$ cat upload_11.cif   # mmCIF, C-alpha atoms and all ligand atoms
data_protein
loop_
_atom_site.label_atom_id
_atom_site.label_comp_id
_atom_site.auth_asym_id
_atom_site.auth_seq_id
_atom_site.Cartn_x
_atom_site.Cartn_y
_atom_site.Cartn_z
CA MET A 1 95.33 91.62 117.96
CA LYS A 2 94.80 87.88 118.52
CA GLN A 3 92.29 87.21 115.74
CA PHE A 4 90.72 89.10 112.85
CA PHE A 5 87.30 87.68 112.17
CA SER A 6 84.90 90.64 112.43
CA VAL A 7 84.77 94.37 113.17
CA ALA A 8 84.46 93.43 116.85
CA ASP A 9 88.17 92.50 116.76
CA VAL A 10 89.05 96.18 116.13
CA ILE A 11 89.06 98.50 119.14
CA ASP A 12 89.81 101.71 117.21
CA LEU A 13 88.07 101.95 113.84
CA SER A 14 89.55 105.33 112.84
CA GLY A 15 92.91 104.36 114.32
CA ILE A 16 93.30 101.22 112.20
CA VAL A 17 92.31 103.10 109.01
CA ASP A 18 94.85 105.84 109.72
CA GLU A 19 97.54 103.27 110.49
CA ALA A 20 96.81 101.45 107.21
CA LEU A 21 97.13 104.73 105.29
CA ARG A 22 100.48 105.39 107.01
CA LEU A 23 101.64 101.93 105.83
CA LYS A 24 100.52 102.83 102.31
CA ARG A 25 102.79 105.88 102.44
CA GLU A 26 105.68 103.88 103.97
CA PRO A 27 105.25 100.20 103.03
CA PHE A 28 108.69 99.14 104.28
CA ALA A 29 108.73 101.02 107.60
CA TYR A 30 108.46 97.70 109.49
CA SER A 31 110.29 95.41 107.05
CA ASN A 32 112.06 93.55 109.89
CA LEU A 33 109.05 93.09 112.17
CA GLY A 34 108.09 89.76 110.61
CA LYS A 35 111.61 88.42 110.07
CA ARG A 36 111.78 84.65 110.79
CA LYS A 37 108.01 84.54 111.23
CA THR A 38 105.82 82.46 108.92
CA LEU A 39 102.34 83.23 107.62
CA GLY A 40 100.27 80.31 106.33
CA LEU A 41 97.43 81.06 103.91
CA VAL A 42 94.89 78.25 103.68
CA PHE A 43 92.30 78.32 100.88
CA LEU A 44 89.26 76.07 100.65
CA ASN A 45 87.93 78.23 97.77
CA PRO A 46 89.37 80.26 94.84
CA SER A 47 90.98 83.67 95.35
CA LEU A 48 92.96 86.23 93.38
CA ARG A 49 93.03 89.43 95.47
CA THR A 50 93.12 87.96 98.97
CA ARG A 51 95.87 85.50 98.08
CA LEU A 52 98.17 88.03 96.38
CA SER A 53 97.52 91.11 98.56
CA THR A 54 97.98 89.23 101.83
CA HIS A 55 101.15 87.59 100.51
CA LYS A 56 102.52 90.99 99.47
CA ALA A 57 101.58 92.56 102.81
CA ALA A 58 103.45 89.78 104.65
CA ALA A 59 106.49 90.22 102.38
CA ASN A 60 106.51 93.98 103.12
CA LEU A 61 106.80 93.07 106.82
CA GLY A 62 109.64 90.59 106.18
CA MET A 63 107.56 87.43 106.77
CA ASP A 64 107.88 84.09 105.02
CA VAL A 65 104.64 82.91 103.41
CA MET A 66 103.30 79.41 102.71
CA VAL A 67 100.12 78.91 100.71
CA MET A 68 98.00 75.76 101.00
CA ASN A 69 95.24 75.21 98.44
CA MET A 70 93.37 72.84 100.70
CA ASP A 71 90.51 72.34 98.24
CA LYS A 72 92.83 71.05 95.50
CA ASP A 73 95.99 69.83 97.22
CA GLY A 74 94.96 68.86 100.74
CA TRP A 75 93.35 65.75 102.15
CA ALA A 76 89.54 65.88 102.31
CA LEU A 77 88.77 67.54 105.63
CA GLU A 78 86.33 66.28 108.27
CA THR A 79 84.90 68.94 110.58
CA ARG A 80 82.23 66.96 112.47
CA ASP A 81 83.01 65.44 115.82
CA GLY A 82 81.84 62.03 116.95
CA VAL A 83 81.66 60.42 113.51
CA ALA A 84 83.66 57.40 112.36
CA MET A 85 85.67 58.60 109.34
CA ASP A 86 84.78 55.63 107.14
CA GLY A 87 83.65 57.73 104.14
CA THR A 88 85.41 60.22 101.85
CA THR A 89 87.00 62.53 104.45
CA VAL A 90 90.60 61.65 105.25
CA GLU A 91 91.84 64.10 107.89
CA HIS A 92 90.06 65.77 110.80
CA ILE A 93 90.32 69.53 111.31
CA ARG A 94 91.58 68.80 114.84
CA GLU A 95 94.83 67.39 113.46
CA ALA A 96 95.05 69.47 110.25
CA ALA A 97 94.71 72.82 112.05
CA ALA A 98 97.01 71.79 114.90
CA VAL A 99 99.70 70.66 112.44
CA MET A 100 99.53 73.91 110.45
CA GLY A 101 99.88 75.77 113.75
CA GLN A 102 103.19 73.90 114.24
CA TYR A 103 104.60 75.39 111.04
CA CYS A 104 103.15 78.92 111.18
CA ASP A 105 103.16 81.89 113.56
CA ILE A 106 99.98 83.33 112.02
CA LEU A 107 97.39 81.54 109.87
CA GLY A 108 94.79 82.88 107.45
CA ILE A 109 91.90 80.77 106.22
CA ARG A 110 89.20 81.15 103.56
CA SER A 111 86.07 79.03 103.69
CA PHE A 112 82.83 79.93 101.88
CA PRO A 113 79.36 78.85 103.06
CA LYS A 114 77.63 75.89 101.44
CA LEU A 115 74.37 77.94 101.17
CA VAL A 116 72.24 74.90 102.01
CA ASP A 117 71.69 75.10 105.78
CA GLN A 118 71.52 78.61 107.27
CA GLU A 119 72.10 77.44 110.81
CA GLU A 120 75.17 75.41 109.84
CA ASP A 121 76.75 78.26 107.82
CA TYR A 122 75.99 80.95 110.40
CA SER A 123 77.40 78.83 113.25
CA GLU A 124 80.86 79.35 111.66
CA ASP A 125 81.73 75.87 112.91
CA LEU A 126 84.77 75.40 110.68
CA PHE A 127 86.27 78.76 111.62
CA GLY A 128 85.61 78.24 115.31
CA LYS A 129 87.30 74.85 115.20
CA PHE A 130 90.24 76.11 113.13
CA ILE A 131 90.88 78.93 115.63
CA ARG A 132 90.51 76.53 118.56
CA PHE A 133 92.83 73.80 117.29
CA CYS A 134 95.60 75.68 115.42
CA GLY A 135 96.79 77.52 118.54
CA VAL A 136 98.12 80.62 116.71
CA PRO A 137 96.49 83.96 115.75
CA VAL A 138 94.03 83.56 112.84
CA ILE A 139 93.01 86.01 110.11
CA SER A 140 89.76 85.45 108.22
CA LEU A 141 90.38 85.47 104.47
CA GLU A 142 86.55 85.34 104.10
CA SER A 143 84.35 83.04 106.12
CA ALA A 144 80.77 81.85 105.68
CA THR A 145 79.35 85.10 107.10
CA ARG A 146 82.02 87.80 106.85
CA HIS A 147 84.96 89.19 104.82
CA PRO A 148 86.71 91.59 107.24
CA LEU A 149 89.86 92.27 105.17
CA GLN A 150 87.59 93.42 102.34
CA SER A 151 85.46 95.62 104.61
CA LEU A 152 88.50 97.24 106.23
CA THR A 153 89.84 97.91 102.72
CA ASP A 154 86.51 99.48 101.78
CA LEU A 155 86.56 101.81 104.76
CA ILE A 156 90.17 102.78 103.96
CA THR A 157 89.15 103.53 100.35
CA ILE A 158 86.18 105.66 101.43
CA ARG A 159 88.36 107.59 103.90
CA GLU A 160 90.97 108.23 101.18
CA HIS A 161 88.37 109.59 98.77
CA TRP A 162 86.36 111.75 101.15
CA LYS A 163 87.76 115.22 101.81
CA ASP A 164 84.54 117.15 102.67
CA ASP A 165 83.54 118.23 106.19
CA ARG A 166 80.07 116.76 105.72
CA LYS A 167 79.56 113.01 106.33
CA PRO A 168 79.41 110.98 103.09
CA LYS A 169 76.28 109.03 102.13
CA VAL A 170 77.36 105.43 101.50
CA VAL A 171 74.88 103.15 99.72
CA MET A 172 75.25 99.39 99.43
CA ALA A 173 73.18 98.40 96.40
CA TRP A 174 72.14 94.83 95.61
CA ALA A 175 72.88 93.81 92.01
CA PRO A 176 71.69 90.95 89.81
CA HIS A 177 73.78 87.79 89.26
CA VAL A 178 73.47 84.49 87.46
CA LYS A 179 74.04 82.33 90.53
CA ALA A 180 73.50 82.25 94.27
CA LEU A 181 76.31 84.07 96.11
CA PRO A 182 77.08 84.19 99.86
CA GLN A 183 75.98 87.05 102.14
CA ALA A 184 79.51 87.27 103.60
CA VAL A 185 80.67 90.39 101.72
CA PRO A 186 77.44 92.42 102.23
CA ASN A 187 77.05 91.28 105.86
CA SER A 188 80.58 92.34 106.57
CA PHE A 189 80.39 95.65 104.71
CA ALA A 190 77.13 96.44 106.54
CA GLU A 191 78.65 95.53 109.90
CA TRP A 192 81.65 97.83 109.32
CA MET A 193 79.56 100.68 107.90
CA CYS A 194 77.04 100.48 110.77
CA ARG A 195 79.95 100.79 113.22
CA ALA A 196 81.32 103.75 111.21
CA GLN A 197 77.85 105.33 111.23
CA ALA A 198 77.59 104.84 115.01
CA GLU A 199 80.97 106.61 115.28
CA ASN A 200 79.62 109.55 113.22
CA ILE A 201 81.97 108.88 110.28
CA LEU A 202 79.31 108.40 107.55
CA ASP A 203 75.62 107.73 106.80
CA PHE A 204 74.74 104.25 105.60
CA THR A 205 71.88 103.02 103.39
CA ILE A 206 71.22 99.51 102.07
CA ALA A 207 69.10 99.04 98.93
CA HIS A 208 67.75 95.67 97.82
CA PRO A 209 64.58 94.11 96.40
CA ALA A 210 62.08 92.58 98.84
CA GLY A 211 63.19 89.13 100.00
CA TYR A 212 66.89 90.05 100.10
CA GLU A 213 66.95 91.38 103.69
CA LEU A 214 70.23 90.55 105.44
CA SER A 215 70.33 89.19 108.98
CA SER A 216 69.58 92.09 111.36
CA VAL A 217 72.73 91.16 113.31
CA PHE A 218 74.74 93.03 110.63
CA THR A 219 72.46 95.97 109.78
CA GLN A 220 71.81 97.76 113.08
CA GLY A 221 71.11 101.46 112.42
CA ALA A 222 71.22 101.23 108.60
CA THR A 223 68.50 102.85 106.47
CA VAL A 224 66.93 100.18 104.23
CA LYS A 225 65.33 101.11 100.88
CA TYR A 226 63.48 98.83 98.48
CA ALA A 227 63.82 101.13 95.45
CA LEU A 228 67.27 101.66 93.90
CA ASP A 229 66.55 105.13 92.45
CA ASP A 230 65.35 106.38 95.82
CA ALA A 231 68.50 105.07 97.58
CA LEU A 232 70.85 106.53 94.96
CA GLU A 233 69.67 110.12 95.47
CA GLY A 234 72.53 112.12 97.02
CA ALA A 235 74.83 109.07 97.27
CA ASP A 236 78.56 109.80 97.51
CA PHE A 237 79.70 106.15 97.38
CA ILE A 238 77.86 103.16 95.91
CA TYR A 239 78.97 99.70 96.94
CA VAL A 240 77.60 97.26 94.38
CA LYS A 241 77.15 93.62 95.41
CA ASN A 242 74.95 90.64 94.70
CA TRP A 243 73.86 88.26 97.43
CA SER A 244 71.37 85.40 97.68
CA SER A 245 68.39 85.46 100.03
CA PHE A 246 69.08 85.05 103.75
CA LYS A 247 65.45 84.37 104.69
CA ASP A 248 64.79 81.88 101.87
CA TYR A 249 68.29 80.66 102.47
CA GLY A 250 70.64 80.62 99.47
CA LYS A 251 67.82 81.10 96.97
CA ILE A 252 67.51 83.61 94.09
CA HIS A 253 64.17 85.43 93.68
CA SER A 254 63.15 86.83 90.32
CA VAL A 255 63.34 90.63 90.25
CA ARG A 256 61.49 92.68 87.61
CA GLU A 257 62.95 96.16 88.19
CA GLN A 258 66.38 97.18 86.87
CA TRP A 259 68.98 96.78 89.62
CA MET A 260 72.15 96.80 87.49
CA LEU A 261 73.98 100.10 87.99
CA ASP A 262 74.47 101.80 84.62
CA GLN A 263 75.39 105.37 83.63
CA GLY A 264 71.76 106.52 83.78
CA LYS A 265 71.37 105.31 87.38
CA LEU A 266 74.78 106.76 88.31
CA GLU A 267 73.55 110.19 87.20
CA LEU A 268 70.94 110.10 90.00
CA THR A 269 73.75 110.29 92.58
CA ASN A 270 76.01 113.05 93.88
CA GLN A 271 78.69 112.05 91.34
CA ALA A 272 79.16 108.96 93.45
CA LYS A 273 82.30 106.84 93.40
CA VAL A 274 81.55 103.22 92.58
CA MET A 275 83.00 100.30 94.52
CA HIS A 276 82.90 96.50 94.18
CA CYS A 277 84.98 93.85 95.96
CA LEU A 278 85.62 91.94 92.67
CA PRO A 279 85.40 89.58 90.89
CA VAL A 280 82.54 91.28 89.01
CA ARG A 281 80.38 89.97 86.17
CA ARG A 282 80.42 92.78 83.59
CA ASP A 283 77.04 93.89 82.27
CA VAL A 284 75.25 91.58 84.68
CA GLU A 285 76.11 93.13 88.08
CA LEU A 286 77.60 96.39 86.86
CA ALA A 287 77.59 98.09 83.43
CA SER A 288 80.95 98.18 81.61
CA GLU A 289 80.50 101.93 81.02
CA VAL A 290 80.50 102.44 84.82
CA LEU A 291 83.33 99.98 85.53
CA ASP A 292 85.52 101.64 82.89
CA GLY A 293 84.38 105.17 83.72
CA PRO A 294 86.01 107.88 85.83
CA GLN A 295 83.83 107.28 88.91
CA SER A 296 84.93 103.66 89.35
CA LEU A 297 87.27 102.93 92.28
CA VAL A 298 87.37 99.14 91.86
CA ILE A 299 91.05 98.79 90.87
CA GLU A 300 92.30 101.20 93.52
CA GLU A 301 90.05 99.45 96.04
CA ALA A 302 91.66 96.09 95.17
CA GLY A 303 95.08 97.76 95.51
CA ASN A 304 94.17 98.85 99.03
CA ARG A 305 93.72 95.22 100.06
CA VAL A 306 97.50 95.21 100.70
CA TRP A 307 97.27 97.93 103.38
CA ALA A 308 94.34 96.30 105.14
CA ALA A 309 96.21 93.00 105.32
CA GLN A 310 99.45 94.73 106.32
CA VAL A 311 97.94 96.65 109.22
CA VAL A 312 96.27 93.48 110.57
CA LEU A 313 99.50 91.46 110.24
CA LYS A 314 101.49 94.29 111.84
CA ARG A 315 99.16 94.39 114.84
CA MET A 316 99.40 90.60 115.25
CA LEU A 317 103.20 90.67 114.95
CA ASP A 318 103.36 93.53 117.51
CA GLU A 319 101.40 91.35 119.92
CA LEU A 320 103.58 88.27 119.28
CA THR A 321 106.71 90.39 119.85
CA THR A 322 105.30 91.72 123.15
CA LEU A 323 104.44 88.18 124.28
CA ASN A 324 107.96 86.95 123.41
CA GLN A 325 109.49 89.73 125.51
CA LEU A 326 107.48 88.77 128.62
N1 LIG B 1 85.90 87.17 97.65
C1 LIG B 1 85.04 88.07 97.03
C2 LIG B 1 83.72 87.54 96.58
C3 LIG B 1 83.57 86.06 96.53
C4 LIG B 1 82.23 85.56 96.10
N2 LIG B 1 82.06 85.73 94.66
C5 LIG B 1 81.87 84.70 93.86
O1 LIG B 1 81.84 83.57 94.28
C6 LIG B 1 81.69 85.01 92.38
C7 LIG B 1 81.43 83.78 91.61
C8 LIG B 1 80.89 84.01 90.22
O2 LIG B 1 80.72 85.14 89.77
O3 LIG B 1 80.63 82.98 89.59
C9 LIG B 1 81.11 86.28 96.86
O4 LIG B 1 80.35 87.02 96.26
O5 LIG B 1 81.02 86.08 98.08
N1 LIG B 2 87.58 90.49 96.80
C1 LIG B 2 88.17 89.30 97.01
O1 LIG B 2 88.20 88.78 98.13
O2 LIG B 2 88.73 88.74 95.92
P1 LIG B 2 89.28 87.25 95.81
O3 LIG B 2 88.09 86.34 96.02
O4 LIG B 2 89.86 87.16 94.44
O5 LIG B 2 90.29 87.02 96.89
#
$ encode --input "upload_11.cif" --output "C-alpha cells"
Amino acid sequence: MKQFFSVADVIDLSGIVDEALRLKREPFAYSNLGKRKTLGLVFLNPSLRTRLSTHKAAANLGMDVMVMNMDKDGWALETRDGVAMDGTTVEHIREAAAVMGQYCDILGIRSFPKLVDQEEDYSEDLFGKFIRFCGVPVISLESATRHPLQSLTDLITIREHWKDDRKPKVVMAWAPHVKALPQAVPNSFAEWMCRAQAENILDFTIAHPAGYELSSVFTQGATVKYALDDALEGADFIYVKNWSSFKDYGKIHSVREQWMLDQGKLELTNQAKVMHCLPVRRDVELASEVLDGPQSLVIEEAGNRVWAAQVVLKRMLDELTTLNQL
C-alpha cells in the first residue's frame, strides 16, 4: 500500500478487515517489522483518538513516532503556488512536506476543510501537494472530504458484532449539532459502506433532513430516507453523525423534527448497536441514556482505531520492505 486516502486504496475489503482482526488477537506478531522506521504524525487540527491510536499501532509494530502539531508549533504554511509570500505565511508546503519526508519513512496528516469554498475543499489541494512533495507513503488522518482510518474501524466493528447469516441493515443517521461540521466522516463512512454493500456484505441506508444530501460521489447505491423513524425500522447498526450542508456549502439549516437518537427512537430498531466516531456532544447529537446504555459501541469502536491503523501501517511497511529487497 503506497497511500491510504480513500476506500479506493484498498484492493480487498474483507481481507483488510480480517487482517485487522488477526492483529487485534495478536498485536505483537510483527513487533520487529517497523524497527528503525519512523512514522511522522502531522496535525493541523485537534485530535485525541487518531493521535493516540495511530501512535500505539506504530509502537506495536516497533516503529519510532514523531508528532508535529503544525497548527500550534509549526510555521504558518502556504499552500498556494505563484504567490509572493509577503504576508503571514512563513513556509511553503513544497519545502515543509519535503523536509518531513527526509525524517520519516511514513507520514500521516490531518487537515480539516475550511467549509467556505466547496470547490477548494473538495479539490483536496493540501493533501495532493503533501503527497506529491513529501516523497514517502502518506496516511490520511482525516482530510477535507474523508476519514478512512475511521471508516475502516467502523467496518471492523460491524464485522466483529455481526454473527448472523443474514446481511445487517446499517443506517447512517444525521444528528443535530450546535455548529457546522465537515462532511468528511459521513462521506467516508458512506463510501466504505457503499463498497461493502456492492460486495454483498451489508445493506446501507442514509437518513437526513432535506438539504443535507451528501455529494453523490460517496453515496452510490445507498437508500436515502428523509424520515428518521422510517429509516430506523429493522436497523441492526445506527451510525450517528452530524454534518453541515454540502449543497448550501457549510451551512446549517433549521430542522423541526426530532433527529437526536434517544431511547424511544432506539426502540424502533432491531435492537440496533449504536456507533459514533467521537467526540460526541451529549444530549445534543445523542442522548446520554443511549451513549451509556448496553447498545452503545462507541468506546469499543474507538478502541478498534488501533487495529485499523496497525493494518494500514503493516501493509505500508510490507511494501517498503519489499522495495528495499529489490
Ligand atoms: N475526527 C472526528 C470528527 C471531527 C469533527 N468533529 C468536530 O470538529 C467536533 C467539534 C465540536 O463538537 O465542537 C467532524 O465532525 O468532522
Ligand atoms: N474519531 C476521531 O477521529 O477522533 P479524533 O478527532 O479525536 O482523532
$ closest_atom_pairs --input "upload_11.cif" --of "chain A" --to "ligand LIG 2 (chain B)" --cutoff "7 Å" --atoms "all atoms listed in the file" --output "tab-separated table"
residue	atom	partner	partner_atom	distance
A:Pro46	CA	B:LIG2	O3	6.3
A:Ser47	CA	B:LIG2	O5	3.8
A:Leu48	CA	B:LIG2	O4	3.4
A:Arg49	CA	B:LIG2	O5	3.9
A:Thr50	CA	B:LIG2	O5	3.6
A:Arg51	CA	B:LIG2	O5	5.9
A:Gln150	CA	B:LIG2	N1	6.3
A:Cys277	CA	B:LIG2	N1	4.3
A:Leu278	CA	B:LIG2	N1	4.8
A:Pro279	CA	B:LIG2	O2	6.1
$ residues_near_ligand --input "upload_11.cif" --ligand "ligand LIG 1 (chain B)" --cutoff "7 Å" --atoms "all atoms listed in the file" --output "list in words"
Ser47, Glu142, Lys179, Leu181, Pro182, Gln183, Ala184, Val185, Asn242, Trp243, Cys277, Leu278, Pro279, Val280 and Arg281 of chain A
$ residues_around --input "upload_11.cif" --residues "region 104-121 of chain A" --least-positions-apart "2" --cutoff "7 Å" --atoms "only C-alpha atoms" --output "VMD selection string"
chain A and resid 37 to 45 100 to 102 123 to 124 136 to 144 182 249 to 250
$ residues_around --input "upload_11.cif" --residues "Thr223 (chain A)" --least-positions-apart "5" --cutoff "12 Å" --atoms "all atoms listed in the file" --output "PDB file with C-alpha atoms, keeping the file's coordinate frame"
ATOM      1  CA  LYS A 169      76.280 109.030 102.130  1.00  0.00           C
ATOM      2  CA  VAL A 170      77.360 105.430 101.500  1.00  0.00           C
ATOM      3  CA  VAL A 171      74.880 103.150  99.720  1.00  0.00           C
ATOM      4  CA  MET A 172      75.250  99.390  99.430  1.00  0.00           C
ATOM      5  CA  ALA A 173      73.180  98.400  96.400  1.00  0.00           C
ATOM      6  CA  ALA A 190      77.130  96.440 106.540  1.00  0.00           C
ATOM      7  CA  MET A 193      79.560 100.680 107.900  1.00  0.00           C
ATOM      8  CA  CYS A 194      77.040 100.480 110.770  1.00  0.00           C
ATOM      9  CA  GLN A 197      77.850 105.330 111.230  1.00  0.00           C
ATOM     10  CA  ASP A 203      75.620 107.730 106.800  1.00  0.00           C
ATOM     11  CA  PHE A 204      74.740 104.250 105.600  1.00  0.00           C
ATOM     12  CA  THR A 205      71.880 103.020 103.390  1.00  0.00           C
ATOM     13  CA  ILE A 206      71.220  99.510 102.070  1.00  0.00           C
ATOM     14  CA  ALA A 207      69.100  99.040  98.930  1.00  0.00           C
ATOM     15  CA  HIS A 208      67.750  95.670  97.820  1.00  0.00           C
ATOM     16  CA  GLU A 213      66.950  91.380 103.690  1.00  0.00           C
ATOM     17  CA  SER A 216      69.580  92.090 111.360  1.00  0.00           C
ATOM     18  CA  ASP A 230      65.350 106.380  95.820  1.00  0.00           C
ATOM     19  CA  ALA A 231      68.500 105.070  97.580  1.00  0.00           C
TER      20      ALA A 231
END
$ closest_residue --input "upload_11.cif" --among "A:Ala96, A:Leu214, A:Tyr103, A:Val83" --to "Val65 (chain A)" --atoms "all atoms listed in the file"
A:Tyr103
$ atom_distance --input "upload_11.cif" --atom1 "CA of Thr269 (chain A)" --atom2 "CA of Ser215 (chain A)"
26.9 Å
$ closest_residue --input "upload_11.cif" --among "A:Val90, A:Val178, A:Leu317, A:Leu155" --to "Val7 (chain A)" --atoms "all atoms listed in the file"
A:Leu155
$ closest_residue --input "upload_11.cif" --among "A:Val255, A:Met275, A:Ala302, A:Val17" --to "Tyr226 (chain A)" --atoms "only C-alpha atoms"
A:Val255
$ closest_residue --input "upload_11.cif" --among "A:Gln3, A:Gly234, A:Arg195, A:Asp248" --to "Cys134 (chain A)" --atoms "all atoms listed in the file"
A:Gln3
$ residues_around --input "upload_11.cif" --residues "Asp318 (chain A)" --least-positions-apart "2" --cutoff "12 Å" --atoms "all atoms listed in the file" --output "compact mmCIF listing (two decimals) with C-alpha atoms, in the frame of the given file"
# COMPACT_ATOMS: atom_id res chain seq x y z
CA MET A 1 95.33 91.62 117.96
CA LYS A 2 94.80 87.88 118.52
CA TYR A 30 108.46 97.70 109.49
CA ASN A 32 112.06 93.55 109.89
CA LEU A 33 109.05 93.09 112.17
CA GLY A 34 108.09 89.76 110.61
CA LYS A 37 108.01 84.54 111.23
CA LEU A 61 106.80 93.07 106.82
CA PRO A 137 96.49 83.96 115.75
CA GLN A 310 99.45 94.73 106.32
CA VAL A 311 97.94 96.65 109.22
CA VAL A 312 96.27 93.48 110.57
CA LEU A 313 99.50 91.46 110.24
CA LYS A 314 101.49 94.29 111.84
CA ARG A 315 99.16 94.39 114.84
CA MET A 316 99.40 90.60 115.25
CA LEU A 320 103.58 88.27 119.28
CA THR A 321 106.71 90.39 119.85
CA THR A 322 105.30 91.72 123.15
CA LEU A 323 104.44 88.18 124.28
CA ASN A 324 107.96 86.95 123.41
CA GLN A 325 109.49 89.73 125.51
$ closest_residue --input "upload_11.cif" --among "A:Thr89, A:Asn187, A:Ala76, A:Ser14" --to "Leu202 (chain A)" --atoms "only C-alpha atoms"
A:Ser14
$ atom_distance --input "upload_11.cif" --atom1 "CA of Glu91 (chain A)" --atom2 "CA of Leu126 (chain A)"
13.6 Å
